[in-house]
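Reproduced below: target_9.cif, with mmCIF, C-alpha atoms and all ligand atoms.
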data_target
loop_
_atom_site.label_atom_id
_atom_site.label_comp_id
_atom_site.auth_asym_id
_atom_site.auth_seq_id
_atom_site.Cartn_x
_atom_site.Cartn_y
_atom_site.Cartn_z
CA MET A 297 -9.66 8.90 -7.71
CA ILE A 298 -11.18 7.48 -10.88
CA VAL A 299 -13.64 4.60 -10.73
CA LYS A 300 -14.34 2.86 -14.01
CA ASN A 301 -16.28 -0.29 -14.80
CA LEU A 302 -14.22 -2.36 -17.25
CA SER A 303 -17.11 -4.81 -17.66
CA ASP A 304 -20.36 -5.64 -15.86
CA HIS A 305 -18.44 -7.32 -13.05
CA LEU A 306 -14.97 -5.74 -13.00
CA GLN A 307 -14.05 -2.34 -11.61
CA LEU A 308 -10.82 -0.37 -12.00
CA ILE A 309 -10.00 2.12 -9.24
CA THR A 310 -7.18 4.51 -10.11
CA ILE A 311 -5.54 6.56 -7.37
CA ASN A 312 -5.23 9.94 -9.01
CA ARG A 313 -2.66 12.28 -7.44
CA PRO A 314 0.15 11.90 -9.97
CA GLN A 315 1.96 15.15 -9.05
CA GLN A 316 2.56 13.73 -5.57
CA LEU A 317 3.18 10.23 -6.96
CA ASN A 318 -0.26 9.19 -5.64
CA ALA A 319 0.81 9.59 -2.00
CA LEU A 320 -1.96 8.57 0.40
CA ASN A 321 -3.32 11.39 2.52
CA ARG A 322 -6.42 11.17 4.71
CA GLU A 323 -8.67 12.38 1.93
CA VAL A 324 -7.45 9.74 -0.55
CA ILE A 325 -7.79 7.02 2.10
CA ALA A 326 -11.37 8.10 2.84
CA GLU A 327 -12.21 8.22 -0.89
CA LEU A 328 -10.69 4.78 -1.44
CA HIS A 329 -12.68 3.42 1.48
CA ARG A 330 -15.91 4.79 0.00
CA ALA A 331 -15.19 3.38 -3.47
CA LEU A 332 -14.10 -0.01 -2.14
CA SER A 333 -17.06 -0.36 0.19
CA ARG A 334 -19.41 0.50 -2.67
CA ALA A 335 -17.76 -2.24 -4.75
CA GLU A 336 -17.93 -4.69 -1.84
CA GLU A 337 -21.63 -4.05 -1.33
CA ASP A 338 -22.50 -4.21 -5.03
CA PRO A 339 -23.30 -7.85 -5.91
CA GLN A 340 -22.61 -7.07 -9.59
CA ILE A 341 -18.92 -6.28 -8.89
CA ARG A 342 -16.85 -9.46 -8.61
CA ALA A 343 -13.31 -8.09 -8.70
CA VAL A 344 -11.49 -4.77 -8.33
CA ILE A 345 -8.17 -3.69 -9.85
CA LEU A 346 -6.19 -0.96 -8.05
CA MET A 347 -3.67 1.10 -9.99
CA GLY A 348 -1.85 4.43 -9.73
CA SER A 349 -2.35 7.21 -12.26
CA GLY A 350 0.53 8.51 -14.33
CA ASP A 351 3.51 6.62 -15.60
CA LYS A 352 5.69 6.66 -12.54
CA ALA A 353 3.99 5.41 -9.44
CA PHE A 354 1.49 2.96 -8.04
CA ILE A 355 1.66 4.83 -4.69
CA ALA A 356 4.86 6.40 -3.29
CA GLY A 357 3.69 6.00 0.29
CA ALA A 358 1.71 7.77 2.95
CA ASP A 359 1.81 11.55 2.52
CA ILE A 360 4.95 12.56 4.43
CA LYS A 361 4.04 16.26 4.27
CA GLU A 362 0.72 15.52 5.95
CA PHE A 363 2.08 13.63 8.96
CA MET A 364 5.52 15.24 9.48
CA HIS A 365 4.22 17.64 12.18
CA PHE A 366 2.00 15.14 13.98
CA THR A 367 2.36 14.30 17.68
CA PRO A 368 2.86 10.64 18.76
CA GLU A 369 -0.89 10.40 19.58
CA GLU A 370 -1.84 11.79 16.17
CA GLY A 371 0.62 9.41 14.48
CA LYS A 372 -0.83 6.40 16.26
CA LYS A 373 -4.37 7.52 15.43
CA LEU A 374 -3.49 8.04 11.77
CA SER A 375 -2.05 4.55 11.58
CA GLU A 376 -5.05 2.95 13.32
CA GLU A 377 -7.57 4.86 11.22
CA GLY A 378 -5.80 4.00 7.98
CA GLN A 379 -5.63 0.34 8.97
CA ARG A 380 -9.34 0.25 9.70
CA LEU A 381 -10.53 2.21 6.67
CA LEU A 382 -8.21 0.84 4.04
CA PHE A 383 -5.59 -1.79 4.76
CA ASP A 384 -7.53 -4.18 7.00
CA TYR A 385 -10.66 -3.34 5.05
CA VAL A 386 -9.12 -4.43 1.73
CA GLU A 387 -7.62 -7.58 3.20
CA GLN A 388 -10.98 -8.65 4.57
CA MET A 389 -13.10 -7.79 1.53
CA HIS A 390 -14.94 -10.73 -0.02
CA THR A 391 -14.59 -9.07 -3.42
CA PRO A 392 -11.02 -9.84 -4.53
CA VAL A 393 -8.69 -6.88 -5.02
CA ILE A 394 -5.81 -7.05 -7.51
CA ALA A 395 -2.97 -4.55 -7.07
CA ALA A 396 -1.55 -3.69 -10.51
CA ILE A 397 1.78 -2.21 -9.46
CA ASN A 398 2.60 0.19 -12.27
CA GLY A 399 5.63 1.98 -10.76
CA TYR A 400 6.86 2.93 -7.29
CA ALA A 401 5.06 1.05 -4.51
CA LEU A 402 6.74 2.43 -1.41
CA GLY A 403 5.78 2.59 2.24
CA GLY A 404 1.98 2.79 2.45
CA GLY A 405 1.86 2.00 -1.29
CA LEU A 406 3.53 -1.36 -0.87
CA GLU A 407 1.45 -1.88 2.27
CA LEU A 408 -1.73 -1.46 0.23
CA ALA A 409 -0.43 -3.96 -2.33
CA LEU A 410 0.39 -6.36 0.52
CA ALA A 411 -3.15 -6.06 1.87
CA SER A 412 -4.59 -6.79 -1.60
CA HIS A 413 -5.40 -10.37 -2.58
CA VAL A 414 -3.25 -10.56 -5.73
CA ARG A 415 -0.19 -8.51 -6.79
CA LEU A 416 1.02 -8.10 -10.37
CA ALA A 417 3.86 -5.83 -11.41
CA SER A 418 5.02 -3.89 -14.43
CA GLU A 419 8.68 -4.52 -15.17
CA ARG A 420 9.21 -0.86 -14.21
CA ALA A 421 7.83 -1.34 -10.68
CA LYS A 422 10.01 -0.67 -7.66
CA MET A 423 8.98 -1.76 -4.19
CA GLY A 424 10.18 -1.01 -0.70
CA LEU A 425 9.39 0.03 2.84
CA PRO A 426 11.73 3.02 3.28
CA GLU A 427 10.14 4.32 6.51
CA VAL A 428 13.26 3.92 8.68
CA SER A 429 15.02 6.36 6.35
CA LEU A 430 12.47 8.92 7.57
CA GLY A 431 12.89 8.01 11.25
CA VAL A 432 9.62 6.11 11.43
CA ILE A 433 8.45 2.51 10.89
CA PRO A 434 5.89 1.02 8.51
CA GLY A 435 2.52 1.86 10.09
CA TYR A 436 -0.01 0.40 7.71
CA GLY A 437 0.63 -3.26 8.41
CA GLY A 438 3.97 -3.57 6.59
CA THR A 439 5.89 -5.00 9.54
CA GLN A 440 3.33 -7.80 9.70
CA ARG A 441 2.27 -8.50 6.13
CA LEU A 442 5.67 -8.27 4.43
CA ALA A 443 6.95 -11.14 6.56
CA GLN A 444 3.74 -13.09 5.90
CA HIS A 445 4.40 -12.79 2.16
CA ILE A 446 8.17 -13.19 1.85
CA GLY A 447 9.35 -14.59 5.20
CA LYS A 448 10.84 -12.92 8.25
CA GLY A 449 14.47 -12.79 7.09
CA ARG A 450 13.80 -11.05 3.79
CA ALA A 451 11.24 -8.73 5.40
CA MET A 452 13.73 -7.83 8.10
CA GLU A 453 16.37 -7.02 5.48
CA MET A 454 14.01 -4.94 3.32
CA ILE A 455 12.65 -2.97 6.29
CA LEU A 456 15.99 -2.37 8.01
CA THR A 457 17.85 -1.31 4.86
CA GLY A 458 14.81 0.58 3.53
CA LYS A 459 16.09 -0.32 0.06
CA MET A 460 13.85 -0.71 -2.96
CA ILE A 461 13.77 -3.94 -4.93
CA ASP A 462 12.89 -4.19 -8.59
CA ALA A 463 10.05 -6.21 -10.06
CA ARG A 464 12.23 -9.25 -10.91
CA LYS A 465 13.50 -9.53 -7.34
CA ALA A 466 9.96 -9.05 -6.06
CA TYR A 467 8.92 -11.98 -8.26
CA ASP A 468 11.83 -14.10 -6.98
CA TYR A 469 10.77 -13.26 -3.41
CA GLY A 470 7.17 -14.31 -4.14
CA LEU A 471 6.01 -10.76 -3.48
CA VAL A 472 4.29 -10.47 -6.85
CA GLY A 473 2.67 -13.25 -8.86
CA GLU A 474 3.80 -12.02 -12.27
CA VAL A 475 5.94 -9.36 -13.93
CA VAL A 476 4.84 -8.12 -17.34
CA PRO A 477 5.88 -5.39 -19.80
CA HIS A 478 4.60 -2.03 -18.55
CA GLU A 479 1.99 -1.57 -21.27
CA LYS A 480 0.59 -5.08 -20.70
CA LEU A 481 -0.03 -4.68 -16.98
CA LEU A 482 -3.70 -3.76 -17.13
CA ASP A 483 -4.40 -6.55 -19.64
CA LYS A 484 -2.73 -9.04 -17.32
CA ALA A 485 -4.76 -7.74 -14.37
CA VAL A 486 -7.98 -8.09 -16.39
CA GLU A 487 -6.99 -11.62 -17.45
CA THR A 488 -6.33 -12.56 -13.82
CA ALA A 489 -9.62 -10.99 -12.70
CA GLU A 490 -11.45 -12.94 -15.41
CA ALA A 491 -9.92 -16.20 -14.19
CA ILE A 492 -11.09 -15.39 -10.66
CA MET A 493 -14.55 -14.26 -11.79
CA LYS A 494 -15.24 -17.63 -13.44
CA ASN A 495 -15.48 -19.08 -9.94
CA SER A 496 -18.17 -18.83 -7.30
CA PRO A 497 -18.17 -15.31 -5.76
CA ALA A 498 -19.57 -16.77 -2.54
CA ALA A 499 -16.80 -19.38 -2.32
CA ILE A 500 -14.14 -16.77 -3.13
CA GLY A 501 -15.29 -14.60 -0.23
CA LEU A 502 -15.21 -17.55 2.12
CA ALA A 503 -11.76 -18.63 0.88
CA ILE A 504 -10.37 -15.13 1.56
CA GLU A 505 -11.83 -15.22 5.05
CA ALA A 506 -10.40 -18.69 5.73
CA ILE A 507 -6.91 -17.80 4.46
CA ASN A 508 -6.87 -14.62 6.58
CA ALA A 509 -7.88 -16.61 9.66
CA ALA A 510 -4.40 -18.15 9.78
CA TYR A 511 -2.78 -14.83 10.71
CA GLY A 512 -2.90 -13.25 14.16
CA ARG A 513 -3.82 -9.62 14.83
CA ASP A 514 -1.71 -8.75 17.88
CA GLY A 515 1.30 -7.56 15.87
CA PHE A 516 -0.77 -4.92 14.09
CA LYS A 517 -1.64 -3.27 17.42
CA VAL A 518 2.01 -3.31 18.43
CA GLU A 519 2.94 -1.76 15.08
CA SER A 520 0.53 1.19 15.57
CA GLU A 521 1.84 1.76 19.12
CA LEU A 522 5.46 1.77 17.97
CA PHE A 523 4.65 3.83 14.89
CA GLY A 524 3.26 6.52 17.24
CA LYS A 525 6.30 6.18 19.50
CA ALA A 526 8.64 6.98 16.61
CA PHE A 527 6.92 10.37 16.26
CA ALA A 528 8.37 11.42 19.64
CA THR A 529 11.96 11.10 18.38
CA GLU A 530 14.34 13.74 17.04
CA ASP A 531 15.17 11.29 14.24
CA PHE A 532 11.57 11.46 12.99
CA LYS A 533 11.66 15.26 12.83
CA GLU A 534 15.05 15.17 11.12
CA GLY A 535 14.12 12.39 8.67
CA THR A 536 10.89 13.97 7.46
CA ARG A 537 12.46 17.46 7.30
CA ALA A 538 15.35 16.06 5.25
CA PHE A 539 12.84 14.52 2.81
CA VAL A 540 11.09 17.83 2.10
CA GLU A 541 14.43 19.68 1.97
CA ARG A 542 15.74 17.02 -0.45
CA ARG A 543 18.87 16.25 1.56
CA LYS A 544 20.33 13.30 3.45
CA PRO A 545 19.18 13.05 7.08
CA ASN A 546 21.60 13.36 9.95
CA PHE A 547 20.29 10.82 12.47
CA THR A 548 21.46 10.84 16.08
CA GLY A 549 19.38 8.00 17.53
CA LYS A 550 17.50 10.39 19.84
N1 LIG A 601 4.61 11.88 0.52
C1 LIG A 601 4.45 13.13 0.11
N2 LIG A 601 4.91 13.59 -1.09
C2 LIG A 601 5.57 12.70 -1.86
C3 LIG A 601 5.77 11.37 -1.48
C4 LIG A 601 5.25 10.95 -0.23
N3 LIG A 601 5.37 9.70 0.22
N4 LIG A 601 6.48 10.74 -2.45
C5 LIG A 601 6.69 11.65 -3.41
N5 LIG A 601 6.14 12.84 -3.07
C6 LIG A 601 6.14 14.09 -3.83
C7 LIG A 601 7.50 14.78 -3.79
O1 LIG A 601 7.63 15.52 -2.58
C8 LIG A 601 7.39 15.66 -5.01
O2 LIG A 601 6.54 16.76 -4.70
P1 LIG A 601 6.93 18.28 -5.13
O3 LIG A 601 7.06 18.20 -6.63
O4 LIG A 601 5.76 19.04 -4.66
O5 LIG A 601 8.22 18.57 -4.44
C9 LIG A 601 6.60 14.79 -6.00
O6 LIG A 601 5.92 13.82 -5.21
C10 LIG A 601 7.49 14.06 -6.99
O7 LIG A 601 8.46 13.32 -6.28
P2 LIG A 601 10.05 13.46 -6.51
O8 LIG A 601 10.36 14.78 -7.09
O9 LIG A 601 10.72 13.09 -5.23
O10 LIG A 601 10.25 12.33 -7.61
P3 LIG A 601 11.60 11.51 -7.88
O11 LIG A 601 11.39 10.82 -9.18
O12 LIG A 601 12.80 12.39 -7.74
O13 LIG A 601 11.69 10.42 -6.71
C11 LIG A 601 10.78 8.78 -5.22
C12 LIG A 601 10.70 9.44 -6.61
C13 LIG A 601 12.08 7.99 -5.09
C14 LIG A 601 9.59 7.83 -5.10
C15 LIG A 601 10.73 9.87 -4.13
O14 LIG A 601 9.61 10.71 -4.38
C16 LIG A 601 10.59 9.33 -2.73
O15 LIG A 601 11.54 8.87 -2.14
N6 LIG A 601 9.38 9.45 -2.14
C17 LIG A 601 9.12 9.06 -0.78
C18 LIG A 601 9.04 7.58 -0.64
C19 LIG A 601 8.82 7.21 0.81
O16 LIG A 601 9.63 7.47 1.67
N7 LIG A 601 7.66 6.59 1.07
C20 LIG A 601 7.28 6.17 2.37
C21 LIG A 601 6.48 7.23 3.04
S1 LIG A 601 6.19 6.91 4.72
C22 LIG A 601 4.95 5.82 4.72
O17 LIG A 601 4.45 5.42 3.70
C23 LIG A 601 4.50 5.40 6.06
C24 LIG A 601 3.41 4.35 5.96
C25 LIG A 601 2.75 4.18 7.27
C26 LIG A 601 1.96 5.40 7.59
C27 LIG A 601 1.05 5.24 8.72
C28 LIG A 601 0.37 6.51 9.11
C29 LIG A 601 0.80 7.74 8.40
#

Please re-express this file's structure in structure tokens.
Amino acid sequence: MIVKNLSDHLQLITINRPQQLNALNREVIAELHRALSRAEEDPQIRAVILMGSGDKAFIAGADIKEFMHFTPEEGKKLSEEGQRLLFDYVEQMHTPVIAAINGYALGGGLELALASHVRLASERAKMGLPEVSLGVIPGYGGTQRLAQHIGKGRAMEMILTGKMIDARKAYDYGLVGEVVPHEKLLDKAVETAEAIMKNSPAAIGLAIEAINAAYGRDGFKVESELFGKAFATEDFKEGTRAFVERRKPNFTGK
């Protein structure tokens, strides 16, 4: 991960695992938590931009190779830990976080963007929650936050088909605030951060807290339970194995 101050008050955090399309393993989640909590506790930092390194991906999801052999208990724990350290943490930060979606934002990658306070996309971005194609469900808040952002019907369709949508459709859905040419994405994120940073940091923190208060927490617990449950299925073993073997899965529903 690369942490860079773009100005006295603005920090850019780049997830830096480009060979694995910035997939989130435990180590990256822990590093992100440390960097974000440092930013949150530093009164000088008034906004954070999150981006993926390389030209291809924001984040292509949770690290499938890390969790493919986990038991249901380990799966549930991974989901709960990730929620606490990263996804819920980001959502509740008083320092606003802008997700600059510079390529694939899939699974946990889109879930991190959904937990962020503002989402901007490069015209090359592709977004989706493809978990059911692996025999699992979104486990980092996607079943809850996608519907909060784009409505239940569209969220249901995206999650059940597992299909990716492009940046234009994401804009039409209200999933991202703006779509810009790829090379202009960081500039647009800086411009948006600057607009936010003109305002009272104290009031911004309180506004985030008030907006979040409208949304219940029960569904997140259910999601972690069911995420763990999926790990007990044959479909989960088949789906993750098919991914690493680069073939289509043969699901049986067991
Ligand atoms: N996990 C692990 N490795 C990954 C991931 C991932 N999510 N995505 C890509 N990679 C790796 C590939 O395995 C490959 O590695 P290697 O070169 O060592 O074989 C490398 O990144 C490059 O990827 P590809 O060769 O596949 O690149 P392509 O351009 O052909 O395809 C895609 C790009 C379409 C993005 C493709 O990589 C893909 O489909 N990736 C997986 C996307 C996905 O299914 N994401 C969801 C993951 S599940 C998830 O996020 C669950 C969230 C909840 C978790 C809660 C607790 C764990």

| said: If we count all atoms listed in the file and set the cut-off at 6 Å, which residues sit around range 427-438 of chain A, ignoring sequence neighbours fewer than 5 positions away in its own chain? Please answer as a list of chain:residue names. | reply: A:Ser375, A:Gln379, A:Glu407, A:Ser520, A:Phe523, A:Ala526, A:Asp531, A:Phe532, A:Gly535, A:Thr536

| field | Nearest to Lys361 in chain A by atom-to-atom distance, counting all atoms listed in the file, from A:His329, A:Arg322, A:Lys494, A:His478 | value |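 Among the listed residues, A:Arg322 lies closest to Lys361 in chain A.
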
| Residue contacts of Ala443 in chain A (12 Å, only C-alpha atoms) excluding same-chain residues fewer than 5 positions away, as a list in words |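 Residues near the query, excluding close chain neighbours: Glu407, Leu410, Gly437, Gly438, Lys448, Gly449, Arg450, Ala451, Met452, Glu453, Met454, Ile455, Tyr469, Gly470, Leu471, Tyr511 and Gly515 of chain A.
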
| task | Find the residues near ligand LIG 601 (chain A). Use a cut-off of 7 Å, count only C-alpha atoms and all ligand atoms, and write them as a list of chain:residue names. | result |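 Taking only C-alpha atoms and all ligand atoms into account, the residues around ligand LIG 601 (chain A) at most 7 Å away are A:Gln315, A:Gln316, A:Leu317, A:Ala319, A:Ala356, A:Gly357, A:Ala358, A:Asp359, A:Ile360, A:Lys361, A:Phe363, A:Gly371, A:Leu374, A:Ser375, A:Gly378, A:Tyr400, A:Leu402, A:Gly403, A:Gly404, A:Gly405, A:Leu425, A:Pro426, A:Glu427, A:Leu430, A:Ile433, A:Pro434, A:Gly435, A:Tyr436, A:Val540.
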
| request: List the neighbours of Ala335 in chain A out to 10 Å using only C-alpha atoms; skip same-chain residues closer than 2 positions along the sequence, and give me the result as a VMD selection string. | output: chain A and resid 299 305 to 307 309 329 to 333 337 to 344 389 391

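Excluding Ser412 in chain A itself and any same-chain residue fewer than 6 positions from it, the protein and nucleic acid residues within 7 Å of it, counting all atoms listed in the file, are Val386, Glu387, Val393, Ile394 and Ala395 of chain A.
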
Mind writing range 332-343 of chain A to a file for me, with all heavy atoms, as a compact mmCIF listing (two decimals), in the first residue's frame?
# COMPACT_ATOMS: atom_id res chain seq x y z
N LEU A 332 -5.89 4.02 7.37
CA LEU A 332 -7.13 4.82 7.50
C LEU A 332 -7.31 5.32 8.92
O LEU A 332 -7.75 6.45 9.13
CB LEU A 332 -8.33 3.98 7.06
CG LEU A 332 -8.40 3.73 5.55
CD1 LEU A 332 -9.32 2.56 5.23
CD2 LEU A 332 -8.88 4.99 4.82
N SER A 333 -6.94 4.50 9.91
CA SER A 333 -7.13 5.00 11.28
C SER A 333 -6.12 6.09 11.59
O SER A 333 -6.45 7.04 12.32
CB SER A 333 -7.14 3.87 12.32
OG SER A 333 -6.07 3.04 12.14
N ARG A 334 -4.93 6.00 10.99
CA ARG A 334 -3.97 7.12 11.17
C ARG A 334 -4.54 8.40 10.58
O ARG A 334 -4.46 9.48 11.17
CB ARG A 334 -2.62 6.78 10.54
CG ARG A 334 -1.66 6.11 11.53
CD ARG A 334 -0.21 6.19 11.04
NE ARG A 334 -0.02 5.46 9.80
CZ ARG A 334 0.30 4.17 9.74
NH1 ARG A 334 0.49 3.48 10.85
NH2 ARG A 334 0.48 3.57 8.59
N ALA A 335 -5.13 8.28 9.38
CA ALA A 335 -5.72 9.47 8.73
C ALA A 335 -6.87 10.02 9.58
O ALA A 335 -6.99 11.24 9.78
CB ALA A 335 -6.22 9.11 7.33
N GLU A 336 -7.70 9.11 10.09
CA GLU A 336 -8.86 9.53 10.88
C GLU A 336 -8.43 10.27 12.16
O GLU A 336 -9.07 11.22 12.58
CB GLU A 336 -9.70 8.28 11.23
CG GLU A 336 -10.90 8.49 12.13
CD GLU A 336 -12.11 9.09 11.43
OE1 GLU A 336 -11.96 9.65 10.33
OE2 GLU A 336 -13.21 9.02 12.01
N GLU A 337 -7.32 9.81 12.72
CA GLU A 337 -6.88 10.42 13.99
C GLU A 337 -6.03 11.66 13.78
O GLU A 337 -5.73 12.38 14.73
CB GLU A 337 -6.12 9.38 14.81
CG GLU A 337 -7.07 8.43 15.53
CD GLU A 337 -6.46 7.07 15.81
OE1 GLU A 337 -5.21 6.99 15.91
OE2 GLU A 337 -7.23 6.09 15.88
N ASP A 338 -5.63 11.91 12.55
CA ASP A 338 -4.76 13.07 12.28
C ASP A 338 -5.64 14.28 11.93
O ASP A 338 -6.27 14.31 10.86
CB ASP A 338 -3.84 12.72 11.09
CG ASP A 338 -2.86 13.84 10.79
OD1 ASP A 338 -3.06 14.97 11.29
OD2 ASP A 338 -1.90 13.59 10.04
N PRO A 339 -5.68 15.28 12.79
CA PRO A 339 -6.59 16.42 12.52
C PRO A 339 -6.20 17.20 11.26
O PRO A 339 -7.02 17.93 10.70
CB PRO A 339 -6.45 17.29 13.78
CG PRO A 339 -5.22 16.82 14.49
CD PRO A 339 -4.94 15.42 14.04
N GLN A 340 -4.95 17.03 10.81
CA GLN A 340 -4.53 17.72 9.58
C GLN A 340 -5.20 17.12 8.33
O GLN A 340 -5.38 17.81 7.34
CB GLN A 340 -3.00 17.59 9.41
CG GLN A 340 -2.19 18.52 10.28
CD GLN A 340 -2.53 19.98 10.01
OE1 GLN A 340 -2.54 20.43 8.87
NE2 GLN A 340 -2.86 20.71 11.06
N ILE A 341 -5.50 15.82 8.37
CA ILE A 341 -6.06 15.16 7.18
C ILE A 341 -7.57 15.34 7.15
O ILE A 341 -8.28 14.93 8.06
CB ILE A 341 -5.68 13.65 7.16
CG1 ILE A 341 -4.16 13.47 7.17
CG2 ILE A 341 -6.30 12.92 5.95
CD1 ILE A 341 -3.43 14.08 5.99
N ARG A 342 -8.06 15.93 6.05
CA ARG A 342 -9.49 16.25 5.97
C ARG A 342 -10.23 15.46 4.89
O ARG A 342 -11.44 15.58 4.76
CB ARG A 342 -9.66 17.74 5.70
CG ARG A 342 -9.17 18.57 6.87
CD ARG A 342 -9.61 19.97 6.68
NE ARG A 342 -9.12 20.84 7.70
CZ ARG A 342 -9.29 22.14 7.69
NH1 ARG A 342 -9.93 22.70 6.69
NH2 ARG A 342 -8.83 22.89 8.65
N ALA A 343 -9.49 14.70 4.10
CA ALA A 343 -10.14 13.80 3.13
C ALA A 343 -9.11 12.78 2.66
O ALA A 343 -7.90 13.04 2.66
CB ALA A 343 -10.69 14.58 1.93
